[in-house]
Amino acid sequence: AAAPPPKAHSSGNCAFVLLEQPFVPSVISEGIDNVLFRELGVGRVAKVLSPCMAAIKYLSQSHEGVPDTWLNDETQCCLVIDSGYSATHVVPTQNGGQPVSSAIRRLNIGGKVLTNILKECVTYRQWNMMDEFHIVNDAKEQLCFVSDRFDEEISKASKTRKGMRWYDREYVLPDFASTFRGSVRLPEPLKRKHEAEEMKKIEDEMDALNEEQERAEVAEEAQQLVDDSEEAAANENAGNGGKKRPEPEPKKGKKRKRKSGKKKSVADDDDDNDAEENDSDEETDHQRLKRLKAEREAERRRREREAAEQQSLALSVERFAVSEVLFRPSDIGLGAGGVAEAV
């Protein structure tokens, strides 16, 4: 007999977990219930606050640098700051993820407000980006951060040339032909500074290697002289059938060359090493340094040509000044407390 067809799974046997934000209006909550129970026919629905699920995950995992006593205490308390698109919620939890409803606070500043502020800053200083919400939002997500030394960084910014601050970046706008999302790059002054530091590091490593080789050669020559003197003394004492054994000729020490180019000009180095470069197939330290400099110079010129053809947004103090609105809403005229007051 043929096997009976498999039993169809109905939606009434399914369970549904719905993550929602605090303070959802009852009208919206009832509408969601109608869709789930009446239209979809879901058998069971569990509504959980999304910050509570974040607290459960945080308490159930170990974190590097966090003492276990902070996680394995008796209270199992956790405070979640959930910064969303339209608002920021501060949700305290206890007993492994249960929300303390009376202590939940809402701050009417979210990602949308921060993106609009960044749009105004960029439009005022550079390009008109008031109609490019998604591009500015992507720039915000890639570049903006929260500074724990806001006042100090702002005071230093006025004393440092633009393009040389450690947080200066350029957001390359997409051309929607070959790229559809913006990218981040360093400004040219900061890029040249990093390249100079890297080349200096390479030169220091090569100088240290040359000095070590020179010390090894000196030690080898000194040991050779000691061995020759001991051999001559032994031959003199033992004799050689009454005949005086001729003394061994001293070995000439190797002539050492300083391979570092610090105390010699580049032209002198090229003249001194032309014969060695032609006679030896193995790359010397001087050849390696010269090749690296040529490659970096060619790469720098190529990047400059490409950068001249691309449009970009230069972001400096905006990277952390925009995020500071979460802590100081009065900067944009909002008469409310920030995240610190909500906590």
# chains A, B, ... in the order shown; residues from 1 in each chain; ligands from 1

$ residues_around --residues "range 202-206 of chain A" --least-positions-apart "2" --cutoff "12 Å" --atoms "only C-alpha atoms" --output "list in words"
Glu195, Ala196, Glu197, Glu198, Met199, Lys200, Ala208, Leu209, Asn210, Glu211, Glu212, Gln213, Arg258, Lys259, Ser260, Gly261, Lys262, Thr284, Asp285, His286, Gln287, Arg288, Leu289, Lys290, Leu292 and Lys293 of chain A

$ write_last_selection --atoms "N, CA, C and O atoms" --output "short mmCIF file (atom, residue, chain, number, x, y, z; two decimals), in the first residue's frame"
data_model
loop_
_atom_site.label_atom_id
_atom_site.label_comp_id
_atom_site.auth_asym_id
_atom_site.auth_seq_id
_atom_site.Cartn_x
_atom_site.Cartn_y
_atom_site.Cartn_z
N GLU A 195 53.28 57.57 5.61
CA GLU A 195 54.28 56.93 4.75
C GLU A 195 55.70 57.29 5.17
O GLU A 195 56.60 56.45 5.14
N ALA A 196 55.91 58.56 5.56
CA ALA A 196 57.23 58.97 6.02
C ALA A 196 57.62 58.22 7.30
O ALA A 196 58.77 57.80 7.46
N GLU A 197 56.66 58.05 8.21
CA GLU A 197 56.96 57.30 9.42
C GLU A 197 57.28 55.84 9.12
O GLU A 197 58.18 55.26 9.74
N GLU A 198 56.58 55.28 8.16
CA GLU A 198 56.85 53.88 7.81
C GLU A 198 58.22 53.73 7.15
O GLU A 198 58.95 52.77 7.45
N MET A 199 58.59 54.66 6.27
CA MET A 199 59.90 54.60 5.65
C MET A 199 61.01 54.81 6.68
O MET A 199 62.06 54.17 6.62
N LYS A 200 60.76 55.70 7.63
CA LYS A 200 61.74 55.91 8.70
C LYS A 200 61.93 54.63 9.51
O LYS A 200 63.06 54.28 9.90
N ALA A 208 69.91 49.11 11.98
CA ALA A 208 70.18 48.20 13.09
C ALA A 208 70.75 46.88 12.58
O ALA A 208 71.67 46.31 13.19
N LEU A 209 70.24 46.40 11.43
CA LEU A 209 70.77 45.17 10.85
C LEU A 209 72.21 45.35 10.40
O LEU A 209 73.06 44.47 10.62
N ASN A 210 72.54 46.49 9.80
CA ASN A 210 73.92 46.74 9.36
C ASN A 210 74.87 46.84 10.54
O ASN A 210 76.00 46.33 10.50
N GLU A 211 74.44 47.51 11.60
CA GLU A 211 75.29 47.62 12.79
C GLU A 211 75.53 46.25 13.41
O GLU A 211 76.64 45.95 13.88
N GLU A 212 74.51 45.42 13.41
CA GLU A 212 74.69 44.07 13.96
C GLU A 212 75.67 43.26 13.11
O GLU A 212 76.50 42.52 13.64
N GLN A 213 75.59 43.41 11.79
CA GLN A 213 76.53 42.70 10.92
C GLN A 213 77.96 43.21 11.13
O GLN A 213 78.91 42.42 11.14
N ARG A 258 79.67 50.83 5.26
CA ARG A 258 78.43 51.26 5.90
C ARG A 258 77.35 51.29 4.83
O ARG A 258 77.41 52.06 3.89
N LYS A 259 76.32 50.45 5.05
CA LYS A 259 75.26 50.36 4.06
C LYS A 259 74.14 51.35 4.32
O LYS A 259 73.23 51.48 3.54
N SER A 260 74.19 51.94 5.46
CA SER A 260 73.15 52.92 5.77
C SER A 260 73.39 54.18 4.96
O SER A 260 74.53 54.60 4.78
N GLY A 261 72.33 54.78 4.51
CA GLY A 261 72.45 55.98 3.70
C GLY A 261 72.23 57.25 4.47
O GLY A 261 71.90 58.26 3.88
N LYS A 262 72.34 57.22 5.77
CA LYS A 262 72.02 58.41 6.56
C LYS A 262 73.09 59.48 6.40
O LYS A 262 72.79 60.66 6.26
N THR A 284 70.55 43.80 -2.48
CA THR A 284 71.16 44.32 -1.25
C THR A 284 70.16 45.20 -0.51
O THR A 284 69.08 45.51 -1.02
N ASP A 285 70.56 45.61 0.69
CA ASP A 285 69.69 46.48 1.48
C ASP A 285 69.48 47.82 0.78
O ASP A 285 68.38 48.38 0.79
N HIS A 286 70.54 48.34 0.18
CA HIS A 286 70.41 49.61 -0.53
C HIS A 286 69.46 49.48 -1.71
O HIS A 286 68.62 50.36 -1.95
N GLN A 287 69.59 48.38 -2.47
CA GLN A 287 68.70 48.17 -3.60
C GLN A 287 67.25 48.01 -3.14
O GLN A 287 66.33 48.51 -3.78
N ARG A 288 67.07 47.31 -2.03
CA ARG A 288 65.71 47.11 -1.53
C ARG A 288 65.08 48.43 -1.10
O ARG A 288 63.92 48.71 -1.42
N LEU A 289 65.86 49.25 -0.40
CA LEU A 289 65.34 50.55 0.03
C LEU A 289 65.04 51.45 -1.17
O LEU A 289 64.02 52.14 -1.21
N LYS A 290 65.92 51.41 -2.15
CA LYS A 290 65.71 52.22 -3.35
C LYS A 290 64.48 51.76 -4.10
O LYS A 290 63.68 52.59 -4.60
N LEU A 292 61.82 50.18 -2.80
CA LEU A 292 60.64 50.54 -2.03
C LEU A 292 60.28 52.01 -2.19
O LEU A 292 59.10 52.36 -2.32
N LYS A 293 61.29 52.86 -2.20
CA LYS A 293 61.02 54.29 -2.38
C LYS A 293 60.41 54.56 -3.76
O LYS A 293 59.48 55.36 -3.88
#

$ residues_around --residues "Gly182 in chain A" --least-positions-apart "2" --cutoff "8 Å" --atoms "only C-alpha atoms" --output "MDAnalysis selection string"
chainID A and resid 135 138:139 171:174 179:180 184

$ write_last_selection --atoms "N, CA and C atoms" --output "PDB file, in the first residue's frame"
ATOM      1  N   ILE A 135      23.255  58.595   1.396  1.00  0.00           N
ATOM      2  CA  ILE A 135      24.713  58.717   1.283  1.00  0.00           C
ATOM      3  C   ILE A 135      25.298  59.276   2.567  1.00  0.00           C
ATOM      4  N   ASP A 138      25.210  56.695   5.301  1.00  0.00           N
ATOM      5  CA  ASP A 138      26.305  55.724   5.177  1.00  0.00           C
ATOM      6  C   ASP A 138      27.617  56.319   5.658  1.00  0.00           C
ATOM      7  N   ALA A 139      27.863  57.601   5.351  1.00  0.00           N
ATOM      8  CA  ALA A 139      29.073  58.263   5.846  1.00  0.00           C
ATOM      9  C   ALA A 139      29.063  58.335   7.372  1.00  0.00           C
ATOM     10  N   TYR A 171      35.499  60.979   2.882  1.00  0.00           N
ATOM     11  CA  TYR A 171      34.492  60.021   2.415  1.00  0.00           C
ATOM     12  C   TYR A 171      34.337  60.225   0.914  1.00  0.00           C
ATOM     13  N   VAL A 172      34.773  59.236   0.141  1.00  0.00           N
ATOM     14  CA  VAL A 172      34.723  59.318  -1.317  1.00  0.00           C
ATOM     15  C   VAL A 172      33.299  59.006  -1.768  1.00  0.00           C
ATOM     16  N   LEU A 173      32.683  59.930  -2.468  1.00  0.00           N
ATOM     17  CA  LEU A 173      31.300  59.764  -2.911  1.00  0.00           C
ATOM     18  C   LEU A 173      31.214  58.719  -4.021  1.00  0.00           C
ATOM     19  N   PRO A 174      30.179  57.904  -4.033  1.00  0.00           N
ATOM     20  CA  PRO A 174      30.024  56.934  -5.132  1.00  0.00           C
ATOM     21  C   PRO A 174      29.655  57.641  -6.431  1.00  0.00           C
ATOM     22  N   THR A 179      31.082  52.361  -8.702  1.00  0.00           N
ATOM     23  CA  THR A 179      30.884  52.158  -7.266  1.00  0.00           C
ATOM     24  C   THR A 179      29.496  52.655  -6.873  1.00  0.00           C
ATOM     25  N   PHE A 180      28.876  51.929  -5.952  1.00  0.00           N
ATOM     26  CA  PHE A 180      27.535  52.290  -5.491  1.00  0.00           C
ATOM     27  C   PHE A 180      27.509  52.564  -3.997  1.00  0.00           C
ATOM     28  N   VAL A 184      36.170  55.158   2.449  1.00  0.00           N
ATOM     29  CA  VAL A 184      36.896  56.058   3.353  1.00  0.00           C
ATOM     30  C   VAL A 184      38.377  56.016   3.000  1.00  0.00           C
TER      31      VAL A 184
END

$ atom_distance --atom1 "CA of Asp207 in chain A" --atom2 "CA of Ala222 in chain A"
22.6 Å
